[in-house]
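Asks: Pasting protein_20.txt here (compact mmCIF, C-alpha atoms):
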```
# COMPACT_ATOMS: atom_id res chain seq x y z
CA MET Y 1 -135.84 129.20 -51.82
CA GLN Y 2 -137.12 125.79 -52.90
CA ARG Y 3 -140.67 124.77 -52.16
CA ARG Y 4 -139.61 122.03 -49.73
CA GLU Y 5 -137.42 124.48 -47.81
CA PHE Y 6 -140.28 126.95 -47.60
CA ILE Y 7 -142.70 124.36 -46.24
CA THR Y 8 -140.10 123.24 -43.68
CA LEU Y 9 -139.46 126.81 -42.59
CA PHE Y 10 -143.07 127.74 -42.17
CA GLY Y 11 -144.20 124.39 -40.87
CA GLY Y 12 -141.42 124.47 -38.28
CA ALA Y 13 -142.29 128.01 -37.25
CA ALA Y 14 -145.90 127.03 -36.69
CA ALA Y 15 -144.92 123.94 -34.71
CA ALA Y 16 -142.52 125.91 -32.53
CA TRP Y 17 -145.17 128.45 -31.59
CA PRO Y 18 -146.68 127.15 -28.34
CA PHE Y 19 -150.31 126.15 -28.65
CA THR Y 20 -151.33 128.09 -25.57
CA ALA Y 21 -149.68 131.25 -26.86
CA ARG Y 22 -151.41 130.83 -30.22
CA ALA Y 23 -154.74 130.37 -28.50
CA GLN Y 24 -154.28 133.46 -26.34
CA GLN Y 25 -153.01 135.79 -29.02
CA LYS Y 26 -155.56 137.14 -31.48
CA MET Y 27 -153.92 136.68 -34.84
CA PRO Y 28 -155.36 138.37 -37.95
CA VAL Y 29 -156.99 135.99 -40.41
CA VAL Y 30 -156.40 136.27 -44.16
CA GLY Y 31 -159.11 134.78 -46.34
CA PHE Y 32 -157.35 133.27 -49.37
CA ILE Y 33 -159.85 132.50 -52.14
CA ASN Y 34 -158.84 131.33 -55.59
CA SER Y 35 -160.71 130.77 -58.84
CA GLY Y 36 -158.55 127.73 -59.64
CA SER Y 37 -157.53 124.54 -57.85
CA ALA Y 38 -155.17 123.95 -54.93
CA LYS Y 39 -153.11 121.50 -57.01
CA ALA Y 40 -152.77 123.78 -60.01
CA GLN Y 41 -151.92 126.83 -57.91
CA ALA Y 42 -149.72 125.22 -55.24
CA LEU Y 43 -146.58 127.15 -56.17
CA VAL Y 44 -148.29 130.54 -56.32
CA ALA Y 45 -149.77 129.91 -52.87
CA VAL Y 46 -146.22 129.38 -51.63
CA ALA Y 47 -145.11 132.59 -53.38
CA TYR Y 48 -147.93 134.50 -51.69
CA ARG Y 49 -146.72 133.37 -48.27
CA LEU Y 50 -143.20 134.43 -49.20
CA GLY Y 51 -144.54 137.91 -49.93
CA LEU Y 52 -146.26 137.99 -46.55
CA ALA Y 53 -143.00 136.94 -44.92
CA GLU Y 54 -141.25 139.94 -46.49
CA PHE Y 55 -143.47 142.02 -44.20
CA SER Y 56 -142.77 139.75 -41.22
CA PHE Y 57 -146.04 137.80 -41.34
CA VAL Y 58 -145.55 134.07 -40.89
CA GLU Y 59 -148.50 131.71 -41.07
CA GLY Y 60 -149.22 130.12 -37.69
CA LYS Y 61 -146.97 132.57 -35.86
CA ASN Y 62 -148.63 135.95 -36.28
CA VAL Y 63 -151.19 135.41 -39.05
CA LEU Y 64 -153.67 132.70 -39.98
CA ILE Y 65 -154.70 131.86 -43.56
CA GLU Y 66 -158.08 130.33 -44.39
CA SER Y 67 -157.97 128.97 -47.96
CA ARG Y 68 -160.88 128.26 -50.30
CA TRP Y 69 -160.61 126.94 -53.86
CA ALA Y 70 -163.31 127.11 -56.57
CA ASP Y 71 -161.59 124.56 -58.88
CA GLY Y 72 -162.72 126.58 -61.89
CA GLN Y 73 -166.39 126.39 -60.82
CA TYR Y 74 -167.10 130.10 -60.53
CA ASP Y 75 -170.68 129.65 -59.35
CA GLN Y 76 -169.28 128.33 -56.05
CA LEU Y 77 -167.38 131.54 -55.27
CA PRO Y 78 -170.23 133.44 -53.52
CA GLU Y 79 -170.84 130.54 -51.12
CA LEU Y 80 -167.12 130.18 -50.41
CA LEU Y 81 -166.92 133.89 -49.64
CA VAL Y 82 -169.87 133.72 -47.26
CA ASP Y 83 -168.00 131.00 -45.39
CA LEU Y 84 -164.82 133.09 -45.28
CA MET Y 85 -166.64 136.17 -44.01
CA LYS Y 86 -167.86 134.10 -41.05
CA ARG Y 87 -164.17 133.74 -40.06
CA ASN Y 88 -163.94 137.52 -39.46
CA VAL Y 89 -161.12 137.86 -41.97
CA ALA Y 90 -158.95 140.98 -41.82
CA VAL Y 91 -158.04 140.84 -45.52
CA ILE Y 92 -159.30 138.84 -48.50
CA MET Y 93 -156.72 137.65 -51.01
CA ALA Y 94 -158.59 136.90 -54.25
CA GLY Y 95 -156.69 134.98 -56.92
CA GLY Y 96 -158.08 135.33 -60.44
CA PRO Y 97 -160.65 137.76 -61.88
CA PRO Y 98 -163.77 135.69 -61.02
CA ALA Y 99 -162.72 135.40 -57.37
CA ALA Y 100 -161.80 139.09 -57.22
CA LEU Y 101 -165.13 140.22 -58.67
CA ALA Y 102 -167.03 137.90 -56.34
CA ALA Y 103 -165.08 139.25 -53.35
CA LYS Y 104 -165.84 142.84 -54.32
CA LYS Y 105 -169.52 141.98 -54.54
CA ALA Y 106 -169.40 140.22 -51.17
CA THR Y 107 -167.97 143.11 -49.12
CA SER Y 108 -167.36 146.83 -49.36
CA THR Y 109 -165.54 147.06 -46.03
CA VAL Y 110 -163.03 144.17 -45.75
CA PRO Y 111 -159.79 145.04 -47.64
CA ILE Y 112 -159.33 142.98 -50.81
CA VAL Y 113 -156.04 142.24 -52.55
CA PHE Y 114 -156.35 140.58 -55.95
CA THR Y 115 -154.29 139.08 -58.73
CA SER Y 116 -155.95 139.50 -62.11
CA GLY Y 117 -154.92 138.48 -65.59
CA ASP Y 118 -157.71 140.70 -66.92
CA ASN Y 119 -157.44 144.48 -66.94
CA PRO Y 120 -158.82 145.40 -63.47
CA VAL Y 121 -160.22 148.74 -64.67
CA GLU Y 122 -162.01 147.28 -67.68
CA ILE Y 123 -163.70 144.54 -65.65
CA GLY Y 124 -164.75 146.94 -62.90
CA LEU Y 125 -162.48 145.89 -60.05
CA VAL Y 126 -160.96 149.34 -59.48
CA ALA Y 127 -161.65 152.91 -60.56
CA SER Y 128 -158.11 153.41 -61.89
CA ILE Y 129 -154.65 151.86 -61.67
CA ASN Y 130 -153.08 154.72 -59.71
CA ARG Y 131 -156.11 155.44 -57.49
CA PRO Y 132 -158.01 152.17 -57.09
CA GLY Y 133 -160.40 153.62 -54.50
CA ALA Y 134 -162.72 151.82 -52.07
CA ASN Y 135 -161.48 148.61 -50.44
CA VAL Y 136 -159.79 146.92 -53.40
CA THR Y 137 -156.24 146.87 -54.79
CA GLY Y 138 -153.87 144.25 -56.12
CA VAL Y 139 -151.68 143.09 -58.97
CA HIS Y 140 -152.44 143.05 -62.68
CA VAL Y 141 -150.48 140.07 -63.97
CA PHE Y 142 -151.01 140.61 -67.71
CA PHE Y 143 -152.39 137.54 -69.42
CA THR Y 144 -155.49 138.57 -71.34
CA GLU Y 145 -153.58 141.27 -73.26
CA LEU Y 146 -151.03 138.75 -74.53
CA GLU Y 147 -153.20 136.63 -76.84
CA SER Y 148 -151.84 138.25 -80.04
CA LYS Y 149 -148.26 137.73 -78.81
CA LYS Y 150 -149.02 134.06 -78.16
CA LEU Y 151 -150.53 133.73 -81.64
CA GLY Y 152 -147.38 135.20 -83.21
CA LEU Y 153 -145.11 132.78 -81.33
CA LEU Y 154 -147.30 129.83 -82.30
CA ARG Y 155 -147.17 130.84 -85.97
CA GLU Y 156 -143.40 131.12 -85.74
CA LEU Y 157 -143.08 127.56 -84.46
CA VAL Y 158 -145.84 126.04 -86.62
CA PRO Y 159 -145.82 128.18 -89.80
CA GLN Y 160 -147.49 125.41 -91.79
CA ALA Y 161 -150.68 125.50 -89.70
CA GLY Y 162 -153.52 126.29 -92.09
CA VAL Y 163 -156.08 126.72 -89.30
CA ILE Y 164 -155.26 127.58 -85.70
CA ALA Y 165 -157.87 126.86 -83.04
CA ALA Y 166 -158.32 129.21 -80.08
CA LEU Y 167 -159.90 127.67 -76.98
CA VAL Y 168 -161.88 130.38 -75.15
CA ASN Y 169 -164.11 130.27 -72.09
CA GLU Y 170 -167.05 132.12 -73.63
CA SER Y 171 -168.94 132.25 -70.31
CA ARG Y 172 -166.70 135.10 -69.13
CA PRO Y 173 -167.27 138.72 -70.17
CA VAL Y 174 -163.58 139.12 -71.01
CA ALA Y 175 -163.95 136.43 -73.69
CA LYS Y 176 -165.30 139.11 -76.05
CA SER Y 177 -162.12 141.16 -75.85
CA GLN Y 178 -159.96 138.02 -76.09
CA THR Y 179 -161.80 136.93 -79.22
CA ALA Y 180 -161.61 140.42 -80.74
CA GLU Y 181 -157.87 140.57 -80.11
CA LEU Y 182 -157.31 137.14 -81.63
CA LEU Y 183 -159.41 137.86 -84.71
CA ALA Y 184 -157.61 141.17 -85.28
CA ALA Y 185 -154.20 139.53 -84.87
CA ALA Y 186 -155.17 136.66 -87.19
CA GLN Y 187 -156.28 139.16 -89.84
CA LYS Y 188 -153.00 141.04 -89.49
CA PHE Y 189 -150.98 137.83 -89.84
CA GLY Y 190 -153.17 136.49 -92.65
CA GLN Y 191 -153.92 133.48 -90.46
CA GLN Y 192 -157.13 131.49 -90.46
CA ILE Y 193 -158.38 131.05 -86.90
CA GLN Y 194 -161.28 129.13 -85.39
CA ILE Y 195 -162.69 130.17 -82.01
CA ILE Y 196 -163.87 127.16 -79.99
CA GLY Y 197 -165.71 127.63 -76.71
CA ALA Y 198 -165.51 125.53 -73.56
CA ALA Y 199 -166.83 126.61 -70.16
CA SER Y 200 -166.96 123.31 -68.24
CA GLU Y 201 -165.01 120.09 -67.87
CA GLN Y 202 -167.70 118.27 -69.84
CA GLU Y 203 -167.15 120.56 -72.83
CA LEU Y 204 -163.41 120.01 -73.14
CA GLU Y 205 -163.41 116.63 -74.89
CA PRO Y 206 -166.05 117.68 -77.45
CA ALA Y 207 -164.04 120.85 -78.09
CA PHE Y 208 -160.94 118.81 -78.94
CA ALA Y 209 -163.01 116.40 -81.02
CA SER Y 210 -164.13 119.41 -83.05
CA MET Y 211 -160.53 120.50 -83.51
CA ALA Y 212 -159.59 117.04 -84.76
CA GLN Y 213 -162.53 117.03 -87.15
CA MET Y 214 -161.48 120.43 -88.51
CA LYS Y 215 -157.88 119.19 -88.75
CA VAL Y 216 -156.49 122.30 -87.07
CA GLY Y 217 -152.74 122.72 -87.29
CA ALA Y 218 -152.18 124.28 -83.87
CA LEU Y 219 -153.94 125.43 -80.70
CA LEU Y 220 -153.90 128.59 -78.60
CA VAL Y 221 -155.48 128.26 -75.15
CA ALA Y 222 -156.74 131.66 -74.02
CA SER Y 223 -156.07 132.99 -70.54
CA ASP Y 224 -158.61 131.68 -68.04
CA PRO Y 225 -158.51 130.34 -64.44
CA PHE Y 226 -160.82 127.45 -65.40
CA PHE Y 227 -158.39 126.28 -68.08
CA ASN Y 228 -155.53 126.59 -65.58
CA ALA Y 229 -157.41 124.36 -63.13
CA LYS Y 230 -157.88 121.77 -65.90
CA ARG Y 231 -154.46 122.17 -67.49
CA GLU Y 232 -153.45 118.51 -67.19
CA GLN Y 233 -156.62 117.40 -68.97
CA ILE Y 234 -156.15 120.04 -71.67
CA VAL Y 235 -152.49 119.14 -72.26
CA SER Y 236 -153.42 115.44 -72.35
CA LEU Y 237 -156.14 116.07 -74.94
CA ALA Y 238 -153.75 118.11 -77.07
CA ALA Y 239 -151.22 115.27 -76.92
CA ARG Y 240 -153.86 112.66 -77.77
CA HIS Y 241 -154.83 114.58 -80.91
CA ALA Y 242 -151.20 115.60 -81.68
CA ILE Y 243 -152.06 119.31 -81.70
CA PRO Y 244 -149.18 121.74 -80.97
CA GLY Y 245 -150.32 124.25 -78.38
CA ILE Y 246 -149.33 127.48 -76.67
CA TYR Y 247 -150.55 128.30 -73.18
CA GLU Y 248 -150.35 131.15 -70.69
CA GLN Y 249 -148.33 129.56 -67.89
CA ARG Y 250 -145.15 127.55 -67.50
CA ASP Y 251 -147.07 124.87 -65.57
CA TYR Y 252 -148.75 123.76 -68.81
CA VAL Y 253 -145.33 123.10 -70.33
CA THR Y 254 -144.02 121.16 -67.35
CA ALA Y 255 -147.24 119.12 -67.56
CA GLY Y 256 -146.40 118.16 -71.16
CA GLY Y 257 -147.52 121.16 -73.20
CA LEU Y 258 -145.44 122.53 -76.08
CA MET Y 259 -144.84 126.13 -75.01
CA SER Y 260 -146.12 129.01 -72.93
CA TYR Y 261 -145.91 132.78 -72.83
CA GLY Y 262 -147.18 134.97 -70.03
CA THR Y 263 -146.44 136.80 -66.83
CA ASN Y 264 -144.54 135.02 -64.08
CA LEU Y 265 -147.60 134.31 -61.93
CA ALA Y 266 -145.61 133.39 -58.83
CA ASP Y 267 -143.99 136.82 -58.81
CA GLY Y 268 -147.44 138.42 -59.03
CA TYR Y 269 -148.64 136.46 -56.01
CA ARG Y 270 -145.49 137.39 -54.10
CA GLN Y 271 -146.31 141.05 -54.76
CA ALA Y 272 -149.88 140.42 -53.58
CA GLY Y 273 -148.47 138.93 -50.38
CA ILE Y 274 -146.45 142.08 -49.80
CA TYR Y 275 -149.55 144.24 -50.29
CA THR Y 276 -151.45 142.04 -47.83
CA GLY Y 277 -148.67 142.57 -45.28
CA ARG Y 278 -148.81 146.33 -45.77
CA ILE Y 279 -152.58 146.34 -45.22
CA LEU Y 280 -152.25 144.20 -42.10
CA LYS Y 281 -149.84 146.84 -40.80
CA GLY Y 282 -152.41 149.57 -41.28
CA GLU Y 283 -152.24 150.84 -44.86
CA LYS Y 284 -155.47 151.25 -46.83
CA PRO Y 285 -156.16 149.57 -50.19
CA ALA Y 286 -157.36 152.88 -51.66
CA ASP Y 287 -153.88 154.33 -51.08
CA LEU Y 288 -152.04 151.45 -52.77
CA PRO Y 289 -151.85 151.72 -56.59
CA VAL Y 290 -152.51 148.55 -58.54
CA LEU Y 291 -149.15 146.95 -59.31
CA LEU Y 292 -148.34 145.99 -62.90
CA SER Y 293 -146.45 142.70 -62.92
CA LYS Y 294 -144.40 142.65 -66.11
CA LYS Y 295 -142.01 139.79 -65.47
CA PHE Y 296 -142.76 137.76 -68.59
CA GLU Y 297 -141.51 134.26 -69.37
CA PHE Y 298 -141.41 132.22 -72.57
CA VAL Y 299 -140.94 128.46 -72.10
CA ILE Y 300 -140.48 125.75 -74.76
CA ASN Y 301 -140.57 121.98 -74.30
CA LEU Y 302 -138.19 120.54 -76.93
CA LYS Y 303 -139.12 116.97 -76.04
CA VAL Y 304 -142.75 117.65 -76.95
CA ALA Y 305 -141.68 119.48 -80.11
CA LYS Y 306 -139.68 116.41 -81.18
CA THR Y 307 -142.65 114.12 -80.48
CA LEU Y 308 -144.83 116.34 -82.68
CA GLY Y 309 -142.21 116.37 -85.43
CA LEU Y 310 -141.55 120.10 -85.09
CA LYS Y 311 -138.20 121.73 -85.67
CA VAL Y 312 -137.54 124.61 -83.29
CA SER Y 313 -135.32 127.28 -84.79
CA ALA Y 314 -132.19 128.49 -83.02
CA ASP Y 315 -133.62 132.01 -83.08
CA LEU Y 316 -136.77 130.93 -81.24
CA ILE Y 317 -134.75 128.96 -78.69
CA SER Y 318 -132.55 131.99 -78.06
CA THR Y 319 -135.58 134.10 -77.12
CA ALA Y 320 -136.89 131.52 -74.62
CA ASP Y 321 -136.45 132.13 -70.90
CA GLU Y 322 -136.45 128.38 -70.30
CA VAL Y 323 -135.98 125.37 -72.54
CA ILE Y 324 -137.13 121.96 -71.31
CA GLU Y 325 -135.30 119.04 -72.93
```
Let me see the structure of the file written as structure tokens.
Replies:
Amino acid sequence: MQRREFITLFGGAAAAWPFTARAQQKMPVVGFINSGSAKAQALVAVAYRLGLAEFSFVEGKNVLIESRWADGQYDQLPELLVDLMKRNVAVIMAGGPPAALAAKKATSTVPIVFTSGDNPVEIGLVASINRPGANVTGVHVFFTELESKKLGLLRELVPQAGVIAALVNESRPVAKSQTAELLAAAQKFGQQIQIIGAASEQELEPAFASMAQMKVGALLVASDPFFNAKREQIVSLAARHAIPGIYEQRDYVTAGGLMSYGTNLADGYRQAGIYTGRILKGEKPADLPVLLSKKFEFVINLKVAKTLGLKVSADLISTADEVIE
């Protein structure tokens, strides 16, 4: 289903539901909170509603959704959650590890469904994958564990890169494991790598200026909701400095990035929507194992490759799930 069709379907359903009936019926409220931005995550928000619909929950008809977006500013999450809790939400849908951790800290009683690119056990979201326990469950969408894979693909496309820069949000605890994985992979490949930190919008331009000064041959942007929220700025900076880059999500590539490798995030949010529907129908988060979303996608933008003077091998193209020309 295309996005426009989805909006028409759900918008029409809401409009057809008589106002008086909506006012009289007590519909459950889902608190949707996301670490990123509404613009950057528009398609996954649609996918989440599709998952809800698979369990017969249609926004405006028999469920309400209150959305809050942190735009990559994680310090705002606690305040946003306080506001959501005032809405007497039946379930909290937390998109991204920072939002999920903030939600867990905010309540031990309201069911929480998360999507997390970080390992949910390692960061303390759940006790285990099979038995999450307490009031939290969700979908592990596998991004953080893919940094070495991304580095290998980048080396394959840009073998001449003497130094590869890795942009990491060092303000997050998971940055330590990301950096360790990248350094280990670089050592294995015999690749020189430079870790460059950026944790705010103001730090992005100086980070790219440093890359230009070091004359890096390529860029790997580590998995992080803040980077996703600022993807257009990051892709623009990479283009300005003519630095080939690999990212975690397809949206970077459609925005003008060179290539991406990661989990299909929309599918992960659809699964989270299904879990939300199951909880609204009475199931408990503690009884729902954390889902492992393993629908990976590799996307290459040949137009960008040509602009950068890169030749993409037929073998690499054959492994891509999508090629943008």
Asks: Between Y:Leu167, Y:Ile234, Y:Leu302, Y:Ala53, which is the closest to Ala255 in chain Y once you count only C-alpha atoms?
Replies: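 The shortest atom-to-atom distance to Ala255 in chain Y comes from Y:Ile234.
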Asks: Could you jot down the CA of Ile246 in chain Y to CA of Leu154 in chain Y separation for me, Å, one decimal place?
Replies: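 Calculated distance between CA of Ile246 in chain Y and CA of Leu154 in chain Y is 6.4 Å.
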Asks: Please report the interatomic distance between CA of Thr179 in chain Y and CA of Ile164 in chain Y in Å with one decimal.
Replies: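 It comes out at 13.1 Å.
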Asks: Choose the residue, out of Y:Ile92, Y:Ala47, Y:Ala161, Y:Ala266, that has the smallest atom-to-atom separation from Leu80 in chain Y; count only C-alpha atoms.
Replies: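 Of Y:Ile92, Y:Ala47, Y:Ala161, Y:Ala266, the one nearest Leu80 in chain Y, counting only C-alpha atoms, is Y:Ile92.
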Asks: Could you work out how far CA of Thr137 in chain Y lies from CA of Pro97 in chain Y, giving the answer in Å with one decimal?
Replies: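 Value for the CA of Pro97 in chain Y-CA of Thr137 in chain Y distance: 12.4 Å.
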Asks: Please determine an axis-aligned box that encloses all atoms of range 66-80 of chain Y listed in the file, with 5 Å added on each side, and express its centre and edge lengths in Å to one decimal as AutoDock Vina command-line options.
Replies:
```
--center_x -164.4 --center_y 129.0 --center_z -53.1 --size_x 22.9 --size_y 18.9 --size_z 27.5
```
Asks: Compile the contact shell of Ile33 in chain Y as an NGL selection string: residues with an atom at most 7 Å away, counting only C-alpha atoms, same-chain residues fewer than 6 positions apart removed.
Replies: :Y and (67-69 or 93-95 or 99)
Asks: How would the residues just picked look written out with C-alpha atoms as a PDB file, in the frame of the given file?
Replies:
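Just written: part-v2.pdb:
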```pdb
ATOM      1  CA  SER Y  67    -157.970 128.970 -47.960  1.00  0.00           C
ATOM      2  CA  ARG Y  68    -160.880 128.260 -50.300  1.00  0.00           C
ATOM      3  CA  TRP Y  69    -160.610 126.940 -53.860  1.00  0.00           C
ATOM      4  CA  MET Y  93    -156.720 137.650 -51.010  1.00  0.00           C
ATOM      5  CA  ALA Y  94    -158.590 136.900 -54.250  1.00  0.00           C
ATOM      6  CA  GLY Y  95    -156.690 134.980 -56.920  1.00  0.00           C
ATOM      7  CA  ALA Y  99    -162.720 135.400 -57.370  1.00  0.00           C
TER       8      ALA Y  99
END
```
Asks: For Leu84 in chain Y, work out the shell of residues within 12 Å, counting all atoms listed in the file and skipping chain neighbours fewer than 3 positions away, then give it as a list of chain:residue names.
Replies: Y:Val29, Y:Val30, Y:Gly31, Y:Phe32, Y:Ile33, Y:Ile65, Y:Glu66, Y:Ser67, Y:Arg68, Y:Trp69, Y:Leu77, Y:Pro78, Y:Glu79, Y:Leu80, Y:Leu81, Y:Arg87, Y:Asn88, Y:Val89, Y:Ala90, Y:Val91, Y:Ile92, Y:Met93, Y:Ala94, Y:Ala103, Y:Ala106, Y:Thr107, Y:Val110
Asks: Can you work out which one of Y:Leu101, Y:Leu146, Y:Val216, Y:Leu316 has the shortest atom-to-atom distance to Glu248 in chain Y, counting all atoms listed in the file?
Replies: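 For Glu248 in chain Y, the nearest of the given residues is Y:Leu146.
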Asks: With distances taken over all atoms listed in the file, which residue among Y:Ser35, Y:Pro132, Y:Tyr247, Y:Leu265 lies nearest Lys284 in chain Y?
Replies: Y:Pro132
Asks: Point out the residue among Y:Thr276, Y:Ser56, Y:Ser313, Y:Asn169 with the least atom-to-atom distance to Leu204 in chain Y, counting only C-alpha atoms.
Replies: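 Of all the options, Y:Asn169 lies closest to Leu204 in chain Y.
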Asks: Tell me which of Y:Phe298, Y:Gln41, Y:Tyr275, Y:Ser318 sits closest to Glu54 in chain Y, counting only C-alpha atoms.
Replies: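 Nearest candidate to Glu54 in chain Y out of Y:Phe298, Y:Gln41, Y:Tyr275, Y:Ser318: Y:Tyr275.
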Asks: Write out as a list in words the residues lying within 6 Å of Gly245 in chain Y, counting all atoms listed in the file and excluding same-chain residues fewer than 6 positions away.
Replies: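 Close residues of Gly245 in chain Y: Ala218, Leu219, Leu220 and Leu258 of chain Y.
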Asks: Residues near Leu237 in chain Y, anyone? I mean within 9 Å using all atoms listed in the file, not counting same-chain ones fewer than 5 positions away, as JSON, numbers by chain.
Replies: {"Y": [204, 205, 208, 232, 242, 243]}
Asks: Within 12 Å of range 319-325 of chain Y, which residues of range 206-273 of chain Y come that close, and what is the closest atom pair and distance in Å for each? Count only C-alpha atoms and give it as a tab-separated table.
Replies:
```
residue	atom	partner	partner_atom	distance
Y:Arg250	CA	Y:Glu322	CA	9.2
Y:Asp251	CA	Y:Ile324	CA	11.8
Y:Val253	CA	Y:Ile324	CA	8.3
Y:Thr254	CA	Y:Ile324	CA	8.0
Y:Ala255	CA	Y:Ile324	CA	11.2
Y:Gly256	CA	Y:Ile324	CA	10.0
Y:Gly257	CA	Y:Ile324	CA	10.6
Y:Leu258	CA	Y:Ile324	CA	9.6
Y:Met259	CA	Y:Val323	CA	9.2
Y:Ser260	CA	Y:Ala320	CA	9.7
Y:Tyr261	CA	Y:Ala320	CA	9.3
Y:Gly262	CA	Y:Asp321	CA	11.1
Y:Thr263	CA	Y:Asp321	CA	11.8
Y:Asn264	CA	Y:Asp321	CA	11.0
```
Asks: Name the residues within 7 Å of (-157.4, 133.7, -81.1), counting all atoms listed in the file in the file's coordinates, and put them as an MDAnalysis selection string.
Replies: chainID Y and resid 147 151 166 179 181:183 193 195 220
Asks: Counting only C-alpha atoms, I want the residues whose atoms come within 9 Å of (-148.8, 149.8, -54.5) in the file frame, returned as a count of residues only.
Replies: 11
Asks: Which polymer residues have any atom within 7 Å of an atom of Gly72 in chain Y, counting all atoms listed in the file, with same-chain residues fewer than 6 positions away left out, as an mmCIF file with C-alpha atoms, keeping the file's coordinate frame?
Replies:
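Output file out-v3.cif is given in full below:
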```cif
data_model
loop_
_atom_site.group_PDB
_atom_site.id
_atom_site.type_symbol
_atom_site.label_atom_id
_atom_site.label_comp_id
_atom_site.auth_asym_id
_atom_site.auth_seq_id
_atom_site.Cartn_x
_atom_site.Cartn_y
_atom_site.Cartn_z
ATOM 1 C CA SER Y 35 -160.710 130.770 -58.840
ATOM 2 C CA GLY Y 36 -158.550 127.730 -59.640
ATOM 3 C CA SER Y 37 -157.530 124.540 -57.850
ATOM 4 C CA PRO Y 225 -158.510 130.340 -64.440
ATOM 5 C CA PHE Y 226 -160.820 127.450 -65.400
ATOM 6 C CA ALA Y 229 -157.410 124.360 -63.130
#
```
